[in-house]
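**Q** Structure file start15.cif (mmCIF, C-alpha atoms and all ligand atoms) right here:
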```cif
data_final
#
loop_
_atom_site.label_atom_id
_atom_site.label_comp_id
_atom_site.auth_asym_id
_atom_site.auth_seq_id
_atom_site.Cartn_x
_atom_site.Cartn_y
_atom_site.Cartn_z
CA MET A 29 -20.14 27.26 7.58
CA TYR A 30 -20.69 24.88 4.72
CA TYR A 31 -17.72 23.12 3.15
CA TYR A 32 -18.64 22.09 -0.36
CA GLU A 33 -15.71 19.88 -1.26
CA PRO A 34 -15.52 16.66 0.73
CA LEU A 35 -11.89 15.78 1.46
CA LEU A 36 -11.29 12.05 1.58
CA LEU A 37 -8.10 11.38 3.53
CA THR A 38 -8.45 7.69 4.33
CA PRO A 39 -5.67 5.23 3.43
CA GLY A 40 -7.89 3.86 0.68
CA PRO A 41 -10.09 4.45 -1.12
CA THR A 42 -8.52 7.73 -2.16
CA PRO A 43 -9.80 10.67 -4.25
CA VAL A 44 -10.02 9.97 -7.97
CA PRO A 45 -8.82 12.58 -10.50
CA ASP A 46 -11.32 13.79 -13.11
CA GLU A 47 -9.21 12.38 -15.95
CA ILE A 48 -9.63 8.93 -14.44
CA THR A 49 -13.35 9.38 -13.85
CA HIS A 50 -13.67 10.43 -17.47
CA ALA A 51 -11.94 7.26 -18.66
CA LEU A 52 -14.37 5.22 -16.58
CA ASN A 53 -17.31 6.81 -18.35
CA LEU A 54 -16.33 5.93 -21.91
CA SER A 55 -18.63 3.52 -23.68
CA MET A 56 -18.11 -0.19 -23.16
CA VAL A 57 -16.17 -2.38 -25.56
CA GLY A 58 -16.20 -6.15 -25.79
CA HIS A 59 -13.46 -7.71 -23.71
CA ARG A 60 -12.65 -10.20 -26.47
CA SER A 61 -12.07 -7.49 -29.04
CA SER A 62 -9.05 -5.77 -30.53
CA ASP A 63 -10.33 -2.63 -28.80
CA PHE A 64 -9.76 -4.21 -25.43
CA GLU A 65 -6.47 -5.80 -26.44
CA ALA A 66 -5.11 -2.35 -27.18
CA ILE A 67 -6.30 -1.05 -23.82
CA ALA A 68 -4.90 -4.05 -21.94
CA GLU A 69 -1.53 -3.99 -23.65
CA GLU A 70 -1.09 -0.38 -22.65
CA ALA A 71 -2.16 -1.03 -19.09
CA PHE A 72 0.12 -4.06 -18.59
CA ASN A 73 3.07 -2.04 -19.89
CA HIS A 74 2.33 1.28 -18.20
CA LEU A 75 2.53 -0.34 -14.78
CA LYS A 76 6.08 -1.65 -15.25
CA PRO A 77 7.97 1.43 -13.99
CA ILE A 78 5.51 1.95 -11.14
CA PHE A 79 6.16 -1.61 -9.89
CA GLY A 80 9.86 -1.54 -10.81
CA THR A 81 9.74 -4.52 -13.13
CA LYS A 82 10.58 -5.32 -16.74
CA ASN A 83 7.69 -7.79 -17.01
CA LYS A 84 4.12 -6.88 -17.87
CA VAL A 85 2.16 -6.49 -14.64
CA MET A 86 -0.78 -8.84 -14.15
CA ILE A 87 -4.14 -7.19 -13.55
CA LEU A 88 -6.97 -9.00 -11.76
CA THR A 89 -10.51 -7.78 -11.34
CA SER A 90 -10.75 -8.15 -7.57
CA SER A 91 -9.72 -6.30 -4.42
CA GLY A 92 -6.22 -6.19 -2.95
CA THR A 93 -6.77 -9.10 -0.60
CA SER A 94 -7.23 -11.41 -3.58
CA VAL A 95 -3.62 -10.90 -4.65
CA LEU A 96 -2.37 -11.36 -1.10
CA GLU A 97 -4.08 -14.74 -1.33
CA ALA A 98 -2.89 -15.38 -4.90
CA SER A 99 0.70 -14.57 -4.02
CA MET A 100 0.63 -17.30 -1.40
CA LEU A 101 -1.30 -19.97 -3.31
CA ASN A 102 0.98 -19.62 -6.33
CA ILE A 103 4.26 -19.66 -4.40
CA VAL A 104 3.72 -22.05 -1.49
CA ASN A 105 3.07 -25.79 -1.80
CA PRO A 106 0.73 -27.44 0.72
CA GLU A 107 3.48 -28.99 2.88
CA ASP A 108 5.93 -26.09 2.75
CA HIS A 109 7.15 -24.13 5.72
CA PHE A 110 7.15 -20.36 5.31
CA VAL A 111 7.33 -17.13 7.29
CA VAL A 112 4.73 -14.39 7.63
CA ILE A 113 5.85 -11.10 9.17
CA VAL A 114 3.01 -9.61 11.21
CA SER A 115 3.40 -5.94 12.12
CA GLY A 116 -0.24 -4.88 12.02
CA ALA A 117 -3.72 -5.64 10.72
CA PHE A 118 -2.60 -6.43 7.17
CA GLY A 119 0.14 -8.74 8.40
CA ASN A 120 -2.65 -10.44 10.31
CA ARG A 121 -4.54 -10.79 7.06
CA PHE A 122 -1.58 -12.57 5.46
CA LYS A 123 -1.48 -14.78 8.54
CA GLN A 124 -5.21 -15.56 8.30
CA ILE A 125 -4.87 -16.47 4.64
CA ALA A 126 -1.87 -18.64 5.47
CA GLU A 127 -3.70 -20.45 8.26
CA THR A 128 -6.69 -21.04 5.99
CA TYR A 129 -4.61 -23.12 3.59
CA TYR A 130 -1.43 -24.21 5.32
CA LYS A 131 -0.22 -26.02 8.44
CA ASN A 132 3.42 -24.95 8.55
CA VAL A 133 3.12 -21.21 9.03
CA HIS A 134 5.83 -19.42 11.02
CA VAL A 135 4.69 -16.06 12.30
CA TYR A 136 7.29 -13.41 13.02
CA ASP A 137 5.67 -10.75 15.19
CA VAL A 138 6.82 -7.15 15.09
CA GLU A 139 5.59 -4.62 17.62
CA TRP A 140 2.80 -2.57 16.02
CA GLY A 141 4.18 0.85 15.06
CA LYS A 142 7.72 -0.47 14.62
CA ALA A 143 9.54 -1.56 11.49
CA VAL A 144 11.12 -4.99 11.14
CA ASP A 145 14.48 -4.98 12.90
CA ILE A 146 16.80 -6.42 10.27
CA GLU A 147 19.33 -7.99 12.63
CA ALA A 148 16.66 -9.54 14.82
CA PHE A 149 14.98 -10.97 11.74
CA GLU A 150 18.25 -12.41 10.51
CA THR A 151 18.72 -14.11 13.87
CA TYR A 152 15.18 -15.43 13.63
CA LEU A 153 15.82 -16.93 10.19
CA HIS A 154 18.86 -18.77 11.56
CA SER A 155 16.83 -20.07 14.49
CA LEU A 156 14.23 -21.80 12.28
CA LYS A 157 14.31 -25.59 12.41
CA HIS A 158 12.90 -26.07 8.91
CA ASP A 159 13.85 -24.91 5.46
CA ILE A 160 11.44 -22.21 4.44
CA THR A 161 10.01 -21.53 1.00
CA ALA A 162 9.02 -17.91 1.32
CA VAL A 163 8.82 -14.79 3.45
CA PHE A 164 5.68 -12.64 3.26
CA THR A 165 5.55 -9.06 4.45
CA GLN A 166 3.84 -5.73 3.99
CA PHE A 167 5.82 -2.92 2.39
CA CYS A 168 3.71 -0.25 4.08
CA GLU A 169 1.72 -1.68 7.02
CA THR A 170 -1.29 0.60 6.55
CA SER A 171 -2.72 -0.01 10.01
CA THR A 172 0.31 1.48 11.76
CA ALA A 173 1.72 3.70 8.96
CA VAL A 174 5.11 2.00 9.00
CA LEU A 175 7.15 1.64 5.84
CA HIS A 176 9.35 -1.42 6.26
CA PRO A 177 12.97 -1.39 5.07
CA ILE A 178 12.18 -3.69 2.17
CA HIS A 179 15.52 -3.33 0.43
CA LYS A 180 17.44 -4.40 3.54
CA LEU A 181 14.97 -7.16 4.25
CA GLY A 182 15.34 -8.57 0.74
CA LYS A 183 19.10 -8.50 1.08
CA VAL A 184 19.13 -10.36 4.39
CA ILE A 185 16.67 -13.00 3.19
CA LYS A 186 18.61 -13.77 0.01
CA ALA A 187 21.94 -13.77 1.87
CA PHE A 188 20.46 -16.35 4.25
CA ASN A 189 19.16 -18.50 1.41
CA GLN A 190 18.79 -17.26 -2.14
CA ASP A 191 16.09 -19.85 -2.90
CA ILE A 192 13.58 -18.22 -0.57
CA TYR A 193 10.84 -16.30 -2.36
CA PHE A 194 10.37 -12.78 -1.05
CA VAL A 195 6.73 -11.73 -1.39
CA VAL A 196 5.72 -8.14 -0.67
CA ASP A 197 2.29 -6.58 -0.15
CA GLY A 198 2.59 -3.09 -1.57
CA VAL A 199 -1.12 -2.31 -1.63
CA SER A 200 -0.83 0.97 0.28
CA CYS A 201 2.41 2.37 -1.14
CA ILE A 202 3.02 1.27 -4.72
CA GLY A 203 2.69 4.42 -6.79
CA ALA A 204 4.35 6.53 -4.10
CA VAL A 205 7.64 4.75 -3.45
CA ASP A 206 10.78 3.84 -5.32
CA VAL A 207 10.81 0.08 -5.80
CA ASP A 208 12.78 -2.23 -8.08
CA LEU A 209 12.18 -5.96 -8.03
CA GLU A 210 15.73 -6.80 -9.04
CA ARG A 211 17.53 -4.28 -6.84
CA ASP A 212 15.30 -5.04 -3.84
CA ASN A 213 15.36 -8.83 -4.24
CA ILE A 214 11.58 -9.04 -4.46
CA ASP A 215 10.11 -12.04 -6.29
CA VAL A 216 6.43 -11.09 -6.10
CA LEU A 217 5.00 -7.62 -5.46
CA VAL A 218 1.24 -7.16 -5.20
CA SER A 219 -0.97 -4.09 -5.01
CA GLY A 220 -4.51 -2.78 -5.36
CA SER A 221 -6.12 0.06 -7.28
CA GLN A 222 -7.73 2.24 -4.64
CA LYS A 223 -4.75 3.56 -2.72
CA ALA A 224 -1.64 5.33 -4.03
CA LEU A 225 -2.67 4.51 -7.61
CA MET A 226 -5.65 6.87 -7.15
CA LEU A 227 -8.06 4.58 -8.97
CA PRO A 228 -11.43 3.41 -7.68
CA PRO A 229 -11.48 0.02 -5.92
CA GLY A 230 -11.74 -3.11 -8.05
CA LEU A 231 -8.40 -4.00 -9.59
CA SER A 232 -5.43 -5.77 -8.12
CA PHE A 233 -1.94 -6.19 -9.49
CA VAL A 234 0.85 -8.76 -9.44
CA ALA A 235 4.43 -7.99 -10.44
CA TYR A 236 6.83 -10.95 -10.53
CA ASN A 237 10.27 -11.94 -11.72
CA HIS A 238 11.15 -14.86 -13.97
CA ARG A 239 11.88 -17.12 -11.04
CA ALA A 240 8.46 -16.48 -9.53
CA GLN A 241 6.80 -17.07 -12.87
CA GLU A 242 8.46 -20.50 -13.09
CA ARG A 243 7.40 -21.21 -9.54
CA PHE A 244 3.74 -20.39 -10.33
CA LYS A 245 3.83 -23.23 -12.86
CA ALA A 246 5.41 -25.73 -10.50
CA VAL A 247 3.24 -25.16 -7.44
CA LYS A 248 0.53 -27.77 -6.72
CA THR A 249 -1.71 -25.86 -4.32
CA PRO A 250 -5.30 -25.86 -5.68
CA ARG A 251 -6.58 -22.51 -6.96
CA PHE A 252 -8.83 -21.45 -9.81
CA TYR A 253 -9.72 -17.76 -10.22
CA LEU A 254 -6.45 -16.97 -8.49
CA ASN A 255 -4.30 -19.27 -10.63
CA LEU A 256 -1.71 -16.76 -11.82
CA ASN A 257 -0.65 -19.01 -14.69
CA LYS A 258 -3.97 -18.19 -16.33
CA TYR A 259 -3.23 -14.47 -16.09
CA PHE A 260 0.28 -14.96 -17.35
CA ASP A 261 -0.90 -16.92 -20.40
CA SER A 262 -3.49 -14.23 -21.15
CA ILE A 263 -1.04 -11.38 -20.75
CA GLU A 264 0.90 -12.71 -23.72
CA GLN A 265 -2.30 -12.24 -25.78
CA ASN A 266 -3.01 -8.81 -24.22
CA SER A 267 -6.03 -10.32 -22.59
CA THR A 268 -7.40 -11.62 -19.31
CA PRO A 269 -8.68 -15.11 -18.43
CA PHE A 270 -12.03 -13.81 -17.14
CA THR A 271 -14.15 -10.74 -17.87
CA PRO A 272 -12.09 -7.76 -16.73
CA ASN A 273 -13.35 -4.47 -15.43
CA VAL A 274 -12.88 -2.77 -18.78
CA GLY A 275 -13.46 0.73 -17.46
CA LEU A 276 -10.82 0.34 -14.77
CA PHE A 277 -8.29 -0.91 -17.31
CA ARG A 278 -8.85 2.32 -19.22
CA ALA A 279 -8.49 4.15 -15.92
CA VAL A 280 -5.05 2.57 -15.45
CA ASN A 281 -4.00 4.17 -18.72
CA ALA A 282 -5.42 7.53 -17.66
CA TYR A 283 -3.48 7.16 -14.40
CA ALA A 284 -0.28 6.45 -16.33
CA ALA A 285 -0.79 9.59 -18.40
CA LEU A 286 -1.14 11.67 -15.23
CA ILE A 287 2.05 10.20 -13.75
CA LYS A 288 3.89 10.79 -16.98
CA LYS A 289 2.85 14.44 -16.84
CA GLU A 290 3.99 14.84 -13.24
CA GLY A 291 7.07 12.64 -13.58
CA PHE A 292 7.14 9.54 -11.36
CA ASN A 293 10.10 10.81 -9.32
CA ASN A 294 8.16 14.00 -8.61
CA THR A 295 5.15 11.91 -7.58
CA ILE A 296 7.31 10.08 -5.06
CA HIS A 297 8.87 13.31 -3.83
CA ARG A 298 5.43 14.89 -3.35
CA HIS A 299 4.39 12.04 -1.06
CA TYR A 300 7.53 12.30 1.09
CA LEU A 301 7.28 16.08 1.35
CA ILE A 302 3.66 15.86 2.48
CA ARG A 303 4.65 13.22 5.03
CA ASP A 304 7.39 15.44 6.44
CA GLY A 305 5.14 18.49 6.63
CA LEU A 306 2.33 16.56 8.28
CA ARG A 307 4.60 14.98 10.88
CA GLU A 308 5.95 18.40 11.89
CA SER A 309 2.41 19.79 12.07
CA LEU A 310 1.11 17.00 14.28
CA LYS A 311 4.01 17.48 16.68
CA ALA A 312 3.16 21.20 16.84
CA LEU A 313 -0.36 20.16 17.90
CA ASP A 314 1.10 18.15 20.81
CA LEU A 315 0.01 14.94 19.16
CA ASN A 316 2.34 11.97 19.43
CA LEU A 317 3.24 10.06 16.30
CA LEU A 318 2.84 6.30 16.46
CA VAL A 319 5.84 5.85 14.16
CA THR A 320 8.58 7.69 16.00
CA LYS A 321 11.41 7.19 13.53
CA ASP A 322 11.22 9.39 10.43
CA SER A 323 13.03 6.81 8.30
CA TYR A 324 10.25 4.23 8.85
CA ALA A 325 7.34 6.64 8.49
CA SER A 326 5.25 5.89 5.44
CA PRO A 327 4.97 8.54 2.73
CA THR A 328 1.35 7.49 2.16
CA VAL A 329 -0.29 7.43 5.60
CA THR A 330 0.45 8.98 9.00
CA SER A 331 -0.84 7.76 12.35
CA PHE A 332 -1.06 9.84 15.51
CA ILE A 333 -2.17 9.35 19.08
CA PRO A 334 -4.77 11.73 20.55
CA HIS A 335 -4.54 12.28 24.33
CA ASP A 336 -7.47 10.00 25.10
CA LYS A 337 -10.48 8.23 23.59
CA ASP A 338 -12.81 11.22 23.98
CA GLU A 339 -10.39 13.51 22.22
CA LEU A 340 -9.96 10.92 19.46
CA THR A 341 -13.69 10.65 18.90
CA TYR A 342 -14.09 14.44 19.00
CA ILE A 343 -11.36 14.99 16.40
CA LYS A 344 -12.63 12.37 13.97
CA SER A 345 -16.30 13.27 14.21
CA THR A 346 -15.76 17.05 14.13
CA LEU A 347 -13.49 16.82 11.10
CA LYS A 348 -16.37 15.10 9.35
CA SER A 349 -19.37 17.04 10.63
CA ARG A 350 -17.88 20.53 10.60
CA PHE A 351 -15.20 20.41 7.89
CA ASN A 352 -16.34 17.63 5.55
CA ILE A 353 -12.99 15.85 6.00
CA THR A 354 -12.81 12.09 6.45
CA ILE A 355 -9.83 10.45 8.13
CA ALA A 356 -9.49 6.90 9.46
CA GLY A 357 -9.42 5.35 12.90
CA GLY A 358 -7.19 2.52 14.08
CA GLN A 359 -7.57 -1.12 13.16
CA GLY A 360 -7.31 -4.25 15.29
CA LYS A 361 -5.62 -3.55 18.62
CA LEU A 362 -5.04 0.11 17.69
CA LYS A 363 -8.76 0.81 17.35
CA GLY A 364 -9.65 3.64 19.74
CA THR A 365 -5.98 4.58 20.22
CA ILE A 366 -4.84 6.18 16.98
CA LEU A 367 -6.15 8.16 14.05
CA ARG A 368 -4.73 7.89 10.55
CA ILE A 369 -4.52 10.47 7.81
CA GLY A 370 -4.10 9.03 4.34
CA HIS A 371 -2.08 11.15 1.93
CA MET A 372 -1.61 9.15 -1.20
CA GLY A 373 -2.58 9.45 -4.83
CA LYS A 374 -4.39 12.62 -5.80
CA VAL A 375 -3.32 14.64 -2.80
CA SER A 376 -1.75 18.07 -2.91
CA PRO A 377 0.16 19.74 -0.08
CA PHE A 378 -2.71 22.21 0.26
CA ASP A 379 -5.19 19.37 0.83
CA ILE A 380 -3.13 18.40 3.84
CA LEU A 381 -2.85 22.03 4.89
CA SER A 382 -6.66 21.97 5.11
CA VAL A 383 -6.73 19.10 7.54
CA VAL A 384 -3.89 20.65 9.57
CA SER A 385 -5.82 23.90 9.75
CA ALA A 386 -8.99 22.10 10.79
CA LEU A 387 -7.06 20.24 13.50
CA GLU A 388 -5.77 23.56 14.87
CA ILE A 389 -9.33 24.80 15.24
CA ILE A 390 -10.64 21.55 16.70
CA LEU A 391 -7.89 21.16 19.28
CA THR A 392 -7.99 24.84 20.22
CA ASP A 393 -11.70 24.40 21.00
CA TYR A 394 -11.31 21.06 22.73
CA ARG A 395 -8.19 21.64 24.81
CA LYS A 396 -8.66 25.37 25.42
CA VAL A 397 -5.09 25.90 24.22
CA ASN A 398 -4.44 28.24 21.34
CA TYR A 399 -2.99 26.31 18.39
CA ILE A 400 -4.10 28.71 15.66
CA GLY A 401 -1.30 29.16 13.14
CA LYS A 402 1.10 26.85 14.99
CA ALA A 403 0.81 23.68 12.92
CA THR A 404 0.04 25.34 9.59
CA LEU A 405 3.25 27.34 10.05
CA LYS A 406 5.26 24.14 10.45
CA PHE A 407 3.62 22.61 7.40
CA THR A 408 4.19 25.69 5.26
CA GLU A 409 7.83 25.87 6.32
CA VAL A 410 8.38 22.32 5.10
CA ILE A 411 6.85 22.90 1.67
CA GLN A 412 8.07 26.51 1.32
CA HIS A 413 11.27 25.88 -0.61
CA ASP A 414 10.00 23.14 -2.84
CA ALA A 415 9.88 24.40 -6.40
C1 LIG A 501 -5.97 -2.05 1.81
C2 LIG A 501 -4.90 -3.07 1.99
C3 LIG A 501 -5.10 -4.43 1.69
C4 LIG A 501 -6.43 -4.98 1.30
O1 LIG A 501 -6.94 -4.51 0.14
P1 LIG A 501 -8.50 -4.70 -0.19
O2 LIG A 501 -8.58 -4.02 -1.52
O3 LIG A 501 -9.27 -4.02 0.89
O4 LIG A 501 -8.78 -6.14 -0.26
C5 LIG A 501 -4.04 -5.28 1.83
N1 LIG A 501 -2.85 -4.87 2.26
C6 LIG A 501 -2.61 -3.58 2.58
C7 LIG A 501 -1.27 -3.18 3.06
C8 LIG A 501 -3.64 -2.65 2.48
O5 LIG A 501 -3.42 -1.37 2.81
#
```
Could you quickly redo this structure as structure tokens?
Ligand SMILES: *Cc1c(COP(=O)(O)O)cnc(C)c1O
**A**
Amino acid sequence: MYYYEPLLLTPGPTPVPDEITHALNLSMVGHRSSDFEAIAEEAFNHLKPIFGTKNKVMILTSSGTSVLEASMLNIVNPEDHFVVIVSGAFGNRFKQIAETYYKNVHVYDVEWGKAVDIEAFETYLHSLKHDITAVFTQFCETSTAVLHPIHKLGKVIKAFNQDIYFVVDGVSCIGAVDVDLERDNIDVLVSGSQKALMLPPGLSFVAYNHRAQERFKAVKTPRFYLNLNKYFDSIEQNSTPFTPNVGLFRAVNAYAALIKKEGFNNTIHRHYLIRDGLRESLKALDLNLLVTKDSYASPTVTSFIPHDKDELTYIKSTLKSRFNITIAGGQGKLKGTILRIGHMGKVSPFDILSVVSALEIILTDYRKVNYIGKATLKFTEVIQHDA
């Protein structure tokens, strides 16, 4: 049977709504024109509630990794000591960036699939022999599908020393979670376009508080394209320091209109409901979840453990070849062990019902156990009462 509609369920890039694609296709305007200034002003402002900040959000034309790098180069001086929390492949990326530029990097390892244990981290902070400038962490560690308890983490860090900058990589969850820089004690929050913000790849974002903005000015670490002071100065003029991706700026505004229509709280709720339904479904398929605790399971991506490598390969390749559905494998040390279903951005409960249904068929064939109706029932029961 032929399945016309491809279903892209990777944790980035994610499907792009037609309204956004339309915005991308409008005719070009000069980036040093009042036309663009109007577009940019809207975009900088529209992102404020999504990032939980009162300041205009900086927009760079570059992928998410660039703002991981920028957040470090603009906060940490060359001789500073600082902490990087590594709980998966993206924590490793922060670590690699850190070790590219700095000597005094303190890595705090968290078991992959687990969230940061707040008390253990507090003990770790007290055990450090040097004053530290900053703590870097993922919000959602995409490679494991863990959502870290950012609010608690921010609290513990600032209680230990309020001068420490708390820098959060929200690339795979901003747009799907409730965040507030002030409430959560976050100084810098970065993200990218192609995940929960349901835009194509190509833009990255930096939200910051006043303290961070002052710090950007004071820091001596060399940087050029990623010098956030340039972006901050331009933002005041509703502009960008370098040629922006004009189409994607328009797409940000189309995205904001969609979220306004849905209501941001409803957007968040939709992600959590899908997560809950999917987790119940996977359990009904006798698949173990990598993230065992519901409270630390990301609303944007879910990871599960097939019985063995052959089953894993069979699931992933059959989803694609027979059902036109793309999901993701594991990264780093979880490659070959887990599969990940992305469910962020333009994803409806019935999109996920499709993959659950396909998994019933695939595992019924592969394991010679009848799963038909078992997992879809669980999923439907979770979404049943949601108005
Ligand atoms: C995808 C991702 C990144 C990297 O973004 P790129 O756009 O691929 O550079 C960084 N951090 C997290 C948590 C991610 O999910």
**Q** Counting only C-alpha atoms and all ligand atoms, what are the residues of chain A within 8 Å of ligand LIG 501 (chain A), and for each of them which pair of atoms is the nearest and at what distance in Å, to one decimal? Sort the table by chain and rising number, as JSON lines.
**A**
```
{"residue": "A:Pro39", "atom": "CA", "partner": "A:LIG501", "partner_atom": "O5", "distance": 7.0}
{"residue": "A:Gly40", "atom": "CA", "partner": "A:LIG501", "partner_atom": "C1", "distance": 6.3}
{"residue": "A:Ser90", "atom": "CA", "partner": "A:LIG501", "partner_atom": "O2", "distance": 7.6}
{"residue": "A:Ser91", "atom": "CA", "partner": "A:LIG501", "partner_atom": "O2", "distance": 3.9}
{"residue": "A:Gly92", "atom": "CA", "partner": "A:LIG501", "partner_atom": "O2", "distance": 3.5}
{"residue": "A:Thr93", "atom": "CA", "partner": "A:LIG501", "partner_atom": "O4", "distance": 3.6}
{"residue": "A:Ser94", "atom": "CA", "partner": "A:LIG501", "partner_atom": "O4", "distance": 6.4}
{"residue": "A:Leu96", "atom": "CA", "partner": "A:LIG501", "partner_atom": "C5", "distance": 7.0}
{"residue": "A:Phe118", "atom": "CA", "partner": "A:LIG501", "partner_atom": "N1", "distance": 5.2}
{"residue": "A:Gly119", "atom": "CA", "partner": "A:LIG501", "partner_atom": "C7", "distance": 7.8}
{"residue": "A:Arg121", "atom": "CA", "partner": "A:LIG501", "partner_atom": "C5", "distance": 7.6}
{"residue": "A:Gln166", "atom": "CA", "partner": "A:LIG501", "partner_atom": "C7", "distance": 5.8}
{"residue": "A:Phe167", "atom": "CA", "partner": "A:LIG501", "partner_atom": "C7", "distance": 7.1}
{"residue": "A:Cys168", "atom": "CA", "partner": "A:LIG501", "partner_atom": "C7", "distance": 5.9}
{"residue": "A:Glu169", "atom": "CA", "partner": "A:LIG501", "partner_atom": "C7", "distance": 5.2}
{"residue": "A:Thr170", "atom": "CA", "partner": "A:LIG501", "partner_atom": "O5", "distance": 4.7}
{"residue": "A:Ser171", "atom": "CA", "partner": "A:LIG501", "partner_atom": "O5", "distance": 7.4}
{"residue": "A:Asp197", "atom": "CA", "partner": "A:LIG501", "partner_atom": "C7", "distance": 5.9}
{"residue": "A:Gly198", "atom": "CA", "partner": "A:LIG501", "partner_atom": "C7", "distance": 6.0}
{"residue": "A:Val199", "atom": "CA", "partner": "A:LIG501", "partner_atom": "C6", "distance": 4.6}
{"residue": "A:Ser200", "atom": "CA", "partner": "A:LIG501", "partner_atom": "O5", "distance": 4.3}
{"residue": "A:Cys201", "atom": "CA", "partner": "A:LIG501", "partner_atom": "C7", "distance": 7.9}
{"residue": "A:Ser219", "atom": "CA", "partner": "A:LIG501", "partner_atom": "N1", "distance": 7.5}
{"residue": "A:Gly220", "atom": "CA", "partner": "A:LIG501", "partner_atom": "O2", "distance": 5.7}
{"residue": "A:Ser221", "atom": "CA", "partner": "A:LIG501", "partner_atom": "O2", "distance": 7.5}
{"residue": "A:Gln222", "atom": "CA", "partner": "A:LIG501", "partner_atom": "O2", "distance": 7.0}
{"residue": "A:Lys223", "atom": "CA", "partner": "A:LIG501", "partner_atom": "C1", "distance": 7.3}
{"residue": "A:Pro229", "atom": "CA", "partner": "A:LIG501", "partner_atom": "O2", "distance": 6.6}
{"residue": "A:Gly230", "atom": "CA", "partner": "A:LIG501", "partner_atom": "O2", "distance": 7.3}
{"residue": "A:Ser232", "atom": "CA", "partner": "A:LIG501", "partner_atom": "O2", "distance": 7.5}
```
**Q** Hey, what's within 12 Å of region 157-162 of chain A if we count all atoms listed in the file and toss same-chain stuff fewer than 6 positions away? As an NGL selection string, please?
**A** :A and (99-113 or 126 or 132-135 or 182 or 185-186 or 188-196 or 214-216 or 240 or 243 or 247)
**Q** Report the distance between CA of Arg211 (chain A) and CA of Val163 (chain A) in Å, rounded to one decimal place.
**A**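 One can read the CA of Arg211 (chain A) to CA of Val163 (chain A) distance as 17.1 Å.
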**Q** Please report the interatomic distance between CA of Phe79 (chain A) and CA of Val44 (chain A) in Å with one decimal.
**A**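 Atom-to-atom, CA of Phe79 (chain A) to CA of Val44 (chain A), that is 20.0 Å.
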**Q** Please, which residues are within 12 Å of (11.7, 21.8, 3.9) by the file's coordinates, counting all atoms listed in the file, and could they come as JSON, numbers by chain?
**A** {"A": [297, 298, 300, 301, 302, 303, 304, 305, 306, 308, 405, 406, 407, 408, 409, 410, 411, 412, 413, 414, 415]}
**Q** Near His74 (chain A), counting only C-alpha atoms, which residues have an atom at most 10 Å away, once you skip same-chain residues fewer than 5 positions from it, shown as a list of chain:residue names?
**A**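 The filter keeps A:Ala68, A:Glu69, A:Phe79, A:Lys84, A:Val85, A:Val280, A:Asn281, A:Ala282, A:Tyr283, A:Ala284, A:Ala285, A:Ile287, A:Lys288.
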**Q** Hey, which of A:Leu367, A:Ala51, A:Ala98, A:Ala312 ends up closest to Val329 (chain A)? Count only C-alpha atoms.
**A**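 Among the listed residues, the smallest separation from Val329 (chain A) belongs to A:Leu367.
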**Q** When you draw a straight line from CA of Gly203 (chain A) to CA of Leu181 (chain A), how long is it in Å?
**A**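 Separation of CA of Gly203 (chain A) and CA of Leu181 (chain A): 20.2 Å.
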**Q** I'd like to know which of A:Gln124, A:Thr268, A:Ser115, A:Ile202 is closest to Ser61 (chain A), using all atoms listed in the file.
**A**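 The shortest atom-to-atom distance to Ser61 (chain A) comes from A:Thr268.
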**Q** Please return, as a list in words, all polymer residues that have at least one atom within 10 Å of the point (11.1, 3.1, -4.0); use only C-alpha atoms and the file's own coordinate frame.
**A**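 Checked against the point, the hits come out as Ile78, Phe79, Gly80, Ile178, His179, Cys201, Ile202, Gly203, Ala204, Val205, Asp206, Val207, Asp208, Leu209, Asp212, Asn293 and Ile296 of chain A.
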**Q** Check the smallest atom-to-atom distance from each of A:Gly364, A:Pro250, A:Gly370, A:Pro45 to Pro228 (chain A) using all atoms listed in the file, then report the winner.
**A** A:Pro45
